[in-house]
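Visitor: File name target-v5.cif; file contents mmCIF, C-alpha atoms and all ligand atoms; full text below.
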data_work
loop_
_atom_site.label_atom_id
_atom_site.label_comp_id
_atom_site.auth_asym_id
_atom_site.auth_seq_id
_atom_site.Cartn_x
_atom_site.Cartn_y
_atom_site.Cartn_z
CA MET A 66 -20.55 -63.54 46.14
CA PRO A 67 -17.86 -63.66 43.46
CA PRO A 68 -17.42 -60.53 41.34
CA LEU A 69 -19.22 -60.38 37.99
CA GLN A 70 -16.13 -59.07 36.28
CA THR A 71 -12.59 -58.05 37.17
CA LEU A 72 -10.14 -55.70 35.51
CA THR A 73 -6.43 -55.59 36.33
CA ILE A 74 -4.50 -52.50 35.23
CA PRO A 75 -1.16 -50.89 36.07
CA LYS A 76 -1.62 -48.93 39.30
CA PRO A 77 -3.20 -45.57 38.37
CA ASP A 78 -1.88 -42.09 39.13
CA ASP A 79 -3.92 -39.11 40.27
CA TRP A 80 -2.79 -36.12 38.22
CA HIS A 81 -4.58 -33.55 40.41
CA LEU A 82 -5.09 -33.94 44.15
CA HIS A 83 -5.54 -31.86 47.32
CA LEU A 84 -4.00 -33.48 50.40
CA ARG A 85 -4.05 -30.50 52.80
CA ASP A 86 -1.83 -30.69 55.90
CA GLY A 87 -1.77 -31.83 59.54
CA ALA A 88 -4.65 -33.96 60.79
CA MET A 89 -6.54 -33.69 57.49
CA LEU A 90 -3.50 -34.89 55.50
CA LYS A 91 -3.12 -37.84 57.85
CA ALA A 92 -6.78 -38.77 57.51
CA VAL A 93 -7.11 -38.54 53.72
CA LEU A 94 -3.71 -39.76 52.49
CA PRO A 95 -4.30 -43.52 52.98
CA TYR A 96 -7.31 -43.39 50.65
CA THR A 97 -5.20 -42.02 47.83
CA ALA A 98 -2.06 -44.04 48.57
CA SER A 99 -3.93 -47.34 48.56
CA HIS A 100 -5.33 -46.74 45.08
CA PHE A 101 -2.80 -44.53 43.31
CA ALA A 102 0.98 -44.91 42.94
CA ARG A 103 1.67 -41.20 42.39
CA ALA A 104 -0.29 -38.00 42.67
CA VAL A 105 0.27 -34.39 41.68
CA VAL A 106 -0.24 -32.53 44.95
CA MET A 107 -1.85 -29.11 44.80
CA PRO A 108 -0.06 -26.23 46.54
CA ASN A 109 -3.06 -24.18 47.71
CA LEU A 110 -2.31 -24.48 51.41
CA LYS A 111 -2.49 -21.52 53.74
CA PRO A 112 0.07 -20.07 53.23
CA ALA A 113 0.50 -21.37 49.68
CA ILE A 114 3.52 -23.43 48.60
CA THR A 115 5.42 -20.84 46.57
CA THR A 116 9.05 -21.92 46.98
CA THR A 117 11.17 -25.01 46.46
CA ALA A 118 11.97 -25.07 50.17
CA ALA A 119 8.29 -25.03 51.12
CA ALA A 120 7.53 -27.82 48.61
CA ALA A 121 10.39 -29.95 49.98
CA ALA A 122 9.14 -29.49 53.55
CA TYR A 123 5.55 -30.29 52.51
CA ARG A 124 6.73 -33.41 50.67
CA GLU A 125 8.45 -34.51 53.88
CA ARG A 126 5.25 -34.03 55.87
CA ILE A 127 3.37 -36.12 53.31
CA ARG A 128 5.97 -38.89 53.58
CA GLU A 129 5.70 -38.80 57.36
CA ALA A 130 1.90 -39.03 57.22
CA LEU A 131 2.01 -42.16 55.05
CA PRO A 132 1.15 -45.40 56.86
CA PRO A 133 4.35 -47.48 57.00
CA HIS A 134 3.05 -50.36 54.88
CA MET A 135 2.14 -48.10 51.94
CA THR A 136 4.21 -46.75 49.06
CA PHE A 137 3.25 -43.52 47.36
CA THR A 138 5.08 -40.82 45.44
CA PRO A 139 3.86 -37.23 45.88
CA LEU A 140 4.69 -35.01 42.90
CA MET A 141 4.99 -31.47 44.19
CA THR A 142 3.80 -28.24 42.62
CA ALA A 143 4.58 -24.57 43.14
CA TYR A 144 1.80 -22.00 43.36
CA LEU A 145 2.47 -19.17 40.94
CA THR A 146 2.13 -15.64 42.26
CA ASP A 147 2.79 -12.27 40.64
CA THR A 148 6.16 -12.18 42.36
CA ILE A 149 7.39 -15.78 42.31
CA ASP A 150 11.12 -16.26 41.67
CA PRO A 151 11.82 -18.04 38.33
CA ASP A 152 15.33 -19.06 39.44
CA ASP A 153 13.93 -20.85 42.46
CA LEU A 154 11.32 -22.59 40.29
CA GLU A 155 14.00 -23.75 37.89
CA ARG A 156 16.24 -24.98 40.70
CA GLY A 157 13.36 -26.91 42.30
CA PHE A 158 12.44 -28.47 38.98
CA LYS A 159 15.99 -29.45 38.11
CA GLU A 160 16.56 -30.92 41.58
CA GLY A 161 13.44 -33.07 41.22
CA ILE A 162 11.59 -31.38 44.08
CA LEU A 163 9.09 -29.51 41.94
CA PHE A 164 7.17 -31.44 39.30
CA ALA A 165 5.07 -28.61 37.87
CA ALA A 166 3.87 -25.05 38.37
CA LYS A 167 0.26 -24.29 39.16
CA LEU A 168 -1.63 -21.29 37.86
CA TYR A 169 -4.54 -20.12 39.97
CA PRO A 170 -6.12 -16.95 38.64
CA ALA A 171 -6.48 -14.82 41.81
CA GLY A 172 -9.92 -15.29 43.34
CA ALA A 173 -10.99 -18.17 41.10
CA THR A 174 -11.21 -20.84 43.80
CA THR A 175 -10.40 -21.96 47.36
CA ASN A 176 -7.17 -20.39 48.67
CA SER A 177 -6.44 -18.65 45.39
CA ASP A 178 -6.18 -15.13 46.78
CA GLN A 179 -2.38 -15.21 46.43
CA GLY A 180 -2.77 -16.30 42.78
CA VAL A 181 -1.87 -14.51 39.58
CA THR A 182 -3.73 -11.22 39.06
CA ASP A 183 -2.59 -10.63 35.48
CA ILE A 184 -1.10 -13.30 33.25
CA GLN A 185 0.81 -10.64 31.29
CA ALA A 186 2.68 -9.79 34.48
CA ILE A 187 4.24 -13.26 34.74
CA SER A 188 5.49 -13.64 31.17
CA ASP A 189 9.08 -14.02 32.42
CA ILE A 190 7.91 -17.01 34.49
CA LEU A 191 6.06 -18.57 31.58
CA ASP A 192 9.07 -18.03 29.40
CA ARG A 193 11.23 -19.88 31.91
CA LEU A 194 8.76 -22.76 32.23
CA GLN A 195 8.72 -23.12 28.47
CA LYS A 196 12.54 -23.05 28.29
CA ILE A 197 13.02 -25.82 30.86
CA ASP A 198 9.87 -27.79 29.82
CA MET A 199 8.34 -27.50 33.28
CA PRO A 200 4.61 -28.25 33.02
CA LEU A 201 2.06 -25.51 33.70
CA LEU A 202 -1.08 -26.81 35.38
CA ILE A 203 -4.00 -24.46 34.98
CA HIS A 204 -7.12 -23.81 36.99
CA GLY A 205 -8.90 -22.56 33.91
CA GLU A 206 -11.50 -20.11 35.14
CA VAL A 207 -11.69 -16.35 35.05
CA ALA A 208 -12.61 -14.69 38.32
CA ASP A 209 -14.17 -11.64 36.65
CA PRO A 210 -17.42 -10.94 38.54
CA ALA A 211 -18.99 -9.67 35.32
CA VAL A 212 -18.76 -13.18 33.83
CA ASP A 213 -21.57 -15.61 34.57
CA PHE A 214 -20.32 -18.20 37.07
CA PHE A 215 -21.15 -21.07 34.72
CA ASP A 216 -19.20 -19.44 31.85
CA ARG A 217 -15.94 -18.98 33.73
CA GLU A 218 -14.17 -21.88 32.03
CA THR A 219 -15.30 -21.01 28.50
CA VAL A 220 -14.32 -17.38 28.91
CA PHE A 221 -10.95 -18.43 30.32
CA ILE A 222 -10.19 -20.43 27.18
CA ASP A 223 -10.99 -17.48 24.93
CA ARG A 224 -9.45 -14.72 27.01
CA VAL A 225 -6.45 -16.41 28.57
CA LEU A 226 -5.59 -19.87 27.24
CA ILE A 227 -5.69 -19.12 23.52
CA PRO A 228 -3.45 -16.03 23.76
CA LEU A 229 -1.18 -17.85 26.23
CA ARG A 230 -0.64 -20.72 23.81
CA ARG A 231 -0.03 -18.29 20.97
CA ASN A 232 2.70 -16.56 22.98
CA PHE A 233 4.23 -19.74 24.40
CA PRO A 234 3.61 -22.42 21.78
CA ALA A 235 6.05 -24.95 23.26
CA LEU A 236 4.80 -24.63 26.85
CA ARG A 237 3.59 -27.95 28.29
CA ILE A 238 0.09 -27.22 29.57
CA VAL A 239 -2.57 -29.18 31.43
CA MET A 240 -6.04 -27.68 31.49
CA GLU A 241 -7.25 -29.17 34.74
CA HIS A 242 -10.66 -30.58 35.65
CA ILE A 243 -12.45 -29.67 32.42
CA THR A 244 -16.22 -29.37 32.75
CA THR A 245 -17.55 -28.11 29.43
CA ARG A 246 -18.15 -29.26 25.89
CA TYR A 247 -16.27 -26.16 24.84
CA ALA A 248 -13.13 -27.21 26.72
CA ALA A 249 -13.31 -30.83 25.55
CA ASN A 250 -13.69 -29.71 21.93
CA TYR A 251 -10.88 -27.20 22.28
CA ILE A 252 -8.42 -29.82 23.57
CA VAL A 253 -9.36 -32.22 20.76
CA SER A 254 -9.19 -29.54 18.08
CA GLU A 255 -5.70 -28.50 19.21
CA ALA A 256 -4.33 -32.05 19.27
CA GLN A 257 -2.38 -31.62 16.02
CA SER A 258 -1.00 -28.16 16.60
CA SER A 259 0.00 -28.77 20.22
CA HIS A 260 2.39 -31.65 19.38
CA GLY A 261 1.50 -33.53 22.53
CA LYS A 262 2.03 -30.50 24.78
CA LEU A 263 -1.59 -29.82 25.65
CA ALA A 264 -3.66 -32.17 27.80
CA ALA A 265 -6.62 -32.09 30.19
CA THR A 266 -7.55 -33.88 33.37
CA VAL A 267 -11.08 -35.03 34.13
CA THR A 268 -12.52 -35.65 37.60
CA ALA A 269 -14.76 -38.53 38.56
CA HIS A 270 -17.41 -36.18 39.95
CA HIS A 271 -17.72 -34.03 36.84
CA MET A 272 -18.49 -37.20 34.89
CA ARG A 273 -21.06 -38.20 37.51
CA ILE A 274 -23.16 -35.10 38.15
CA ASN A 275 -24.49 -32.12 36.26
CA ARG A 276 -25.51 -28.82 37.79
CA ASN A 277 -28.98 -30.04 38.70
CA ALA A 278 -27.27 -32.05 41.45
CA LEU A 279 -26.57 -28.80 43.28
CA PHE A 280 -30.25 -28.14 43.77
CA GLU A 281 -32.09 -31.47 43.76
CA GLY A 282 -33.82 -32.03 47.08
CA GLY A 283 -32.59 -28.67 48.36
CA LEU A 284 -29.28 -26.87 48.09
CA ASN A 285 -26.56 -29.52 48.36
CA PRO A 286 -23.14 -28.19 49.37
CA HIS A 287 -21.55 -31.62 48.89
CA HIS A 288 -21.96 -31.18 45.15
CA PHE A 289 -20.33 -27.78 45.11
CA CYS A 290 -16.87 -27.74 43.60
CA LEU A 291 -14.87 -25.47 41.34
CA PRO A 292 -15.22 -25.41 38.46
CA VAL A 293 -18.90 -25.87 39.24
CA ALA A 294 -20.69 -28.74 37.48
CA LYS A 295 -22.27 -27.71 34.17
CA ARG A 296 -25.18 -28.78 31.95
CA GLU A 297 -25.95 -32.39 31.07
CA GLU A 298 -24.73 -31.82 27.51
CA ASP A 299 -21.39 -30.67 28.92
CA ARG A 300 -21.16 -33.72 31.15
CA GLN A 301 -21.83 -35.95 28.16
CA ALA A 302 -19.16 -34.22 26.08
CA VAL A 303 -16.61 -34.55 28.88
CA ILE A 304 -17.44 -38.25 29.24
CA ALA A 305 -17.10 -38.74 25.48
CA ALA A 306 -13.67 -37.10 25.52
CA ALA A 307 -12.36 -39.04 28.52
CA THR A 308 -13.67 -42.39 27.33
CA SER A 309 -12.48 -41.90 23.75
CA GLY A 310 -9.04 -43.27 24.57
CA ALA A 311 -7.46 -40.07 23.20
CA PRO A 312 -4.03 -39.67 24.80
CA MET A 313 -4.50 -36.07 25.93
CA PHE A 314 -7.15 -36.92 28.53
CA PHE A 315 -6.27 -38.50 31.86
CA ALA A 316 -7.52 -38.82 35.43
CA GLY A 317 -7.14 -36.08 37.99
CA THR A 318 -9.63 -36.52 40.81
CA ASP A 319 -9.37 -33.02 42.29
CA SER A 320 -10.34 -34.75 45.51
CA ALA A 321 -10.53 -31.76 47.85
CA PRO A 322 -11.51 -32.50 51.46
CA HIS A 323 -13.13 -29.91 53.67
CA PRO A 324 -14.62 -30.42 57.13
CA ARG A 325 -18.34 -31.04 56.92
CA THR A 326 -18.92 -27.89 58.97
CA ALA A 327 -17.08 -25.77 56.37
CA LYS A 328 -19.21 -27.24 53.58
CA GLU A 329 -22.55 -27.04 55.37
CA SER A 330 -22.39 -23.36 56.17
CA SER A 331 -23.11 -20.03 54.59
CA HIS A 332 -20.37 -19.42 52.02
CA GLY A 333 -19.70 -23.16 52.04
CA LEU A 334 -16.39 -24.04 50.42
CA GLY A 335 -16.01 -25.64 47.00
CA GLY A 336 -14.45 -29.08 46.92
CA VAL A 337 -15.51 -32.71 46.75
CA PHE A 338 -13.67 -35.44 48.68
CA SER A 339 -13.71 -38.26 46.16
CA ALA A 340 -10.45 -40.10 46.85
CA PRO A 341 -11.98 -43.23 48.43
CA ASN A 342 -14.47 -43.79 45.61
CA ALA A 343 -12.88 -42.16 42.58
CA LEU A 344 -11.61 -45.33 40.87
CA ALA A 345 -14.95 -47.05 41.31
CA LEU A 346 -16.69 -43.99 39.87
CA TYR A 347 -14.36 -43.84 36.87
CA ALA A 348 -14.89 -47.57 36.23
CA GLU A 349 -18.64 -47.19 36.41
CA THR A 350 -18.63 -44.23 34.02
CA PHE A 351 -16.44 -46.05 31.50
CA GLU A 352 -18.58 -49.16 31.72
CA LYS A 353 -21.76 -47.16 31.10
CA ALA A 354 -20.10 -45.54 28.08
CA GLY A 355 -19.15 -48.96 26.72
CA SER A 356 -15.47 -48.04 27.05
CA LEU A 357 -14.17 -50.25 29.83
CA ASP A 358 -11.36 -51.33 27.51
CA ARG A 359 -10.08 -47.74 27.53
CA LEU A 360 -10.12 -47.24 31.28
CA GLU A 361 -6.48 -48.35 31.50
CA ASN A 362 -5.42 -45.63 29.03
CA PHE A 363 -7.20 -42.96 31.04
CA LEU A 364 -6.15 -44.11 34.51
CA SER A 365 -2.72 -45.61 33.98
CA LEU A 366 -1.13 -44.91 30.59
CA ASN A 367 -1.98 -41.49 29.14
CA GLY A 368 -0.67 -39.44 32.09
CA PRO A 369 2.76 -41.10 32.23
CA ALA A 370 3.06 -40.79 28.43
CA PHE A 371 2.29 -37.05 28.54
CA TYR A 372 4.79 -36.44 31.34
CA GLY A 373 7.46 -38.84 30.04
CA LEU A 374 7.30 -41.02 33.15
CA PRO A 375 7.32 -44.83 33.38
CA VAL A 376 4.03 -46.66 33.74
CA ASN A 377 3.73 -48.00 37.29
CA ALA A 378 5.06 -51.54 37.72
CA ALA A 379 2.53 -52.44 40.43
CA SER A 380 -0.98 -53.39 39.38
CA LEU A 381 -4.46 -52.80 40.75
CA LYS A 382 -7.56 -54.94 40.46
CA LEU A 383 -11.05 -53.50 40.03
CA GLU A 384 -14.07 -55.69 40.43
CA LYS A 385 -17.69 -55.39 39.53
CA ARG A 386 -19.89 -56.60 42.36
CA ALA A 387 -22.92 -58.77 41.81
CA ALA A 388 -24.99 -56.12 43.61
CA PRO A 389 -24.17 -52.40 43.96
CA GLU A 390 -22.71 -51.48 47.35
CA GLU A 391 -22.81 -48.47 49.63
CA PRO A 392 -19.62 -46.47 49.11
CA LEU A 393 -17.63 -45.05 52.02
CA LYS A 394 -19.77 -42.15 53.26
CA SER A 395 -17.46 -40.16 55.49
CA ILE A 396 -14.24 -40.19 57.47
CA LEU A 397 -13.11 -38.62 60.73
CA THR A 398 -9.82 -36.83 61.30
CA GLU A 399 -7.87 -37.15 64.56
CA GLU A 400 -9.33 -33.79 65.50
CA ALA A 401 -12.84 -35.27 65.14
CA GLN A 402 -13.59 -33.32 61.97
CA GLU A 403 -15.98 -35.23 59.74
CA VAL A 404 -15.40 -35.18 55.98
CA ILE A 405 -18.19 -36.31 53.70
CA ALA A 406 -17.10 -38.49 50.78
CA PHE A 407 -18.48 -38.31 47.25
CA PRO A 408 -20.86 -39.73 46.06
CA THR A 409 -23.29 -39.05 48.84
CA GLU A 410 -26.42 -40.49 47.34
CA SER A 411 -25.75 -43.52 45.21
CA ARG A 412 -24.44 -47.04 45.35
CA LEU A 413 -21.46 -48.21 43.36
CA SER A 414 -21.20 -51.40 41.37
CA TRP A 415 -17.40 -51.31 41.06
CA ARG A 416 -14.78 -51.33 43.76
CA VAL A 417 -11.05 -51.68 44.19
CA ALA A 418 -10.00 -55.15 45.32
CA LEU A 419 -7.38 -54.40 47.97
CA LYS A 420 -5.00 -57.09 49.20
CA GLU A 421 -5.25 -55.68 52.71
CA PRO A 422 -8.07 -53.45 53.94
CA LEU A 423 -7.18 -49.90 55.00
O1 LIG B 501 -13.50 -27.68 44.17
C1 LIG B 501 -12.37 -27.27 44.33
N1 LIG B 501 -11.75 -27.38 45.53
N2 LIG B 501 -11.73 -26.69 43.32
C2 LIG B 501 -10.54 -26.10 43.47
O2 LIG B 501 -10.04 -25.58 42.52
C3 LIG B 501 -9.90 -26.03 44.81
C4 LIG B 501 -10.37 -27.10 45.66
C5 LIG B 501 -9.99 -26.92 47.09
O3 LIG B 501 -8.83 -26.63 47.37
O4 LIG B 501 -10.84 -27.11 47.96
ZN ZN B 502 -8.03 -28.69 42.54
#
Turn this file's structure into structure tokens for me.
Ligand code: DOR
Ligand code: ZN
Guide:
Amino acid sequence: MPPLQTLTIPKPDDWHLHLRDGAMLKAVLPYTASHFARAVVMPNLKPAITTTAAAAAYRERIREALPPHMTFTPLMTAYLTDTIDPDDLERGFKEGILFAAKLYPAGATTNSDQGVTDIQAISDILDRLQKIDMPLLIHGEVADPAVDFFDRETVFIDRVLIPLRRNFPALRIVMEHITTRYAANYIVSEAQSSHGKLAATVTAHHMRINRNALFEGGLNPHHFCLPVAKREEDRQAVIAAATSGAPMFFAGTDSAPHPRTAKESSHGLGGVFSAPNALALYAETFEKAGSLDRLENFLSLNGPAFYGLPVNAASLKLEKRAAPEEPLKSILTEEAQEVIAFPTESRLSWRVALKEPL
């Protein structure tokens, strides 16, 4: 059956992505590379990518894992620690190996134990980032056990982000994967004073589910990610921000694959593997919000404008099917590890029209 509607946009970029390494990298990379021209690759490997040399080697492994008929540009990040070397960061940035620095508050999420324990302790690093205009990408949650898990993002904004921006007003900052009304409002309210230096990414899954999805039909580990999904009113506020067309919001899937066994276990890991279905999910969300005409801004234009990069020359076609279809449910790595794809429980009415199937 012919599609009900098609939409052709410049090829999108994924401004926040986990690719992992080895067999997992090889298994997940084609799903991103077939839909996105570039992606900002997260450094939370074990051990974490904390030097220019490690980022260059990881970038090489990503290039080697890419199927030969695909083109894809990985944009590498360095994982900030209490002891990271600012000279090495600067060298990596100036040589075009490092694209950005990533701040994980220690203990806030998967593989964040090497992260920053006290933001005050890295002020020389932040100073350097500001000086060379190297973007700071932030996992914006406090790891303080005294703070309610669902308040971690809000408390981070008050305790860390606001003082940070006061001390480093020219620092280019991305508040990643926002999940709350509070964060969405904060980014909008700072639009004037930040002079285009403050932005936020939004995932497809945080626009799709609220925190009820963790518990409906029994505890569902495939809906557990960090930051954790919030209330319906938060989801609505995040959708309103992303679909508003405002230039400081753009797509970052935070697609984060884990083996099914690591998700379906006690102390199951946070992370949702959304890469295969993310563009369809974004399209569906924008259509429901009556904002399909702004999808291009969110997926393809706002990110490059924020980072001062060209819009991708290649294009991508999305199509709305006459009847909703089952999305890809799971993939297998070479080591026979199954990875469940998001969404697990619904059909999708949009899909990417690929010239050649994967
Ligand atoms: O859900 C998440 N998964 N959030 C993160 O911040 C990390 C990621 C991962 O690496 O699995
Ligand atoms: Zn992430």
Visitor: Using only C-alpha atoms and all ligand atoms, which residues have at least one atom no more than 12 Å from ligand ZN 502 (chain B)? Output them as number ranges by chain.
Guide: A: 79-85, 105-110, 142, 144, 167-169, 173-177, 202-206, 240-243, 266-268, 290-293, 317-322, 335-339
Visitor: Show me, as a list in words, the residues that have an atom within 9 Å of Ala307 of chain A when counting all atoms listed in the file, minus same-chain residues fewer than 3 positions from it.
Guide: Ala249, Thr266, Val267, Ala302, Val303, Ile304, Gly310, Ala311, Met313, Phe314, Phe315, Ala316, Phe351, Leu360 and Phe363 of chain A
Visitor: Mind pulling up the distance from atom CA of Glu399 of chain A to atom CA of Ala88 of chain A?
Guide: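 Calculated distance between atom CA of Ala88 of chain A and atom CA of Glu399 of chain A is 5.9 Å.
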Visitor: Could you check which residues have any atom within 10 Å of (-7.7, -27.1, 22.6), counting only C-alpha atoms with coordinates taken straight from the file, and then list them as an MDAnalysis selection string?
Guide: chainID A and resid 222 226:227 230 240 247:259 263:265
Visitor: What's the 9 Å shell around segment 123-128 of chain A, counting only C-alpha atoms, without same-chain residues fewer than 2 positions away, as a PyMOL selection string?
Guide: chain A and resi 84+86-87+90-91+94+114+118-121+130-132+137-141+162
Visitor: Would you work out the distance separating atom O1 of ligand LIG 501 (chain B) from atom CA of Val181 of chain A, expressed in Å to one decimal?
Guide: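 The value is 18.2 Å.
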Visitor: How many Å lie between atom CA of Thr398 of chain A and atom CA of Ala98 of chain A, rounded to one decimal?
Guide: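 Straight-line distance from atom CA of Thr398 of chain A to atom CA of Ala98 of chain A works out to 16.6 Å.
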Visitor: To box ligand LIG 501 (chain B), take all atoms listed in the file, fit an axis-aligned box, add 6 Å on each side, and give centre and edge lengths in Å to one decimal, as AutoDock Vina command-line options.
Guide:
--center_x -11.2 --center_y -26.6 --center_z 45.2 --size_x 16.7 --size_y 14.1 --size_z 17.4
Visitor: Check the smallest atom-to-atom distance from each of A:Ala278, A:Leu191, A:Val239, A:Leu413 to Glu349 of chain A using all atoms listed in the file, then report the winner.
Guide: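 Closest candidate: A:Leu413.
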Visitor: Of the residues A:Lys353, A:Lys394, A:Lys328, A:Arg300, which is the one nearest to ligand LIG 501 (chain B), using all atoms listed in the file?
Guide: A:Lys328
Visitor: A:Asp198, A:Asp299, A:Glu384, A:Glu160: which is nearest Asp216 of chain A, counting only C-alpha atoms?
Guide: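 Selected residue with least distance to Asp216 of chain A: A:Asp299.
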Visitor: So, counting only C-alpha atoms and all ligand atoms, which residue among A:Lys382, A:Arg359, A:His287, A:Arg296 is closest to ligand LIG 501 (chain B)?
Guide: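 Nearest to ligand LIG 501 (chain B): A:His287.
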Visitor: Pick out the closest residue to ligand LIG 501 (chain B) from this set: A:Pro392, A:Gly261, A:Pro170, A:Gly283. Count all atoms listed in the file.
Guide: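 For ligand LIG 501 (chain B), the nearest of the given residues is A:Pro170.
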Visitor: Under the rule that all atoms listed in the file are counted, which of A:Ala269, A:Ile405, A:Val225, A:Ala388 is the nearest residue to Pro67 of chain A?
Guide: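 Among the listed residues, the smallest separation from Pro67 of chain A belongs to A:Ala388.
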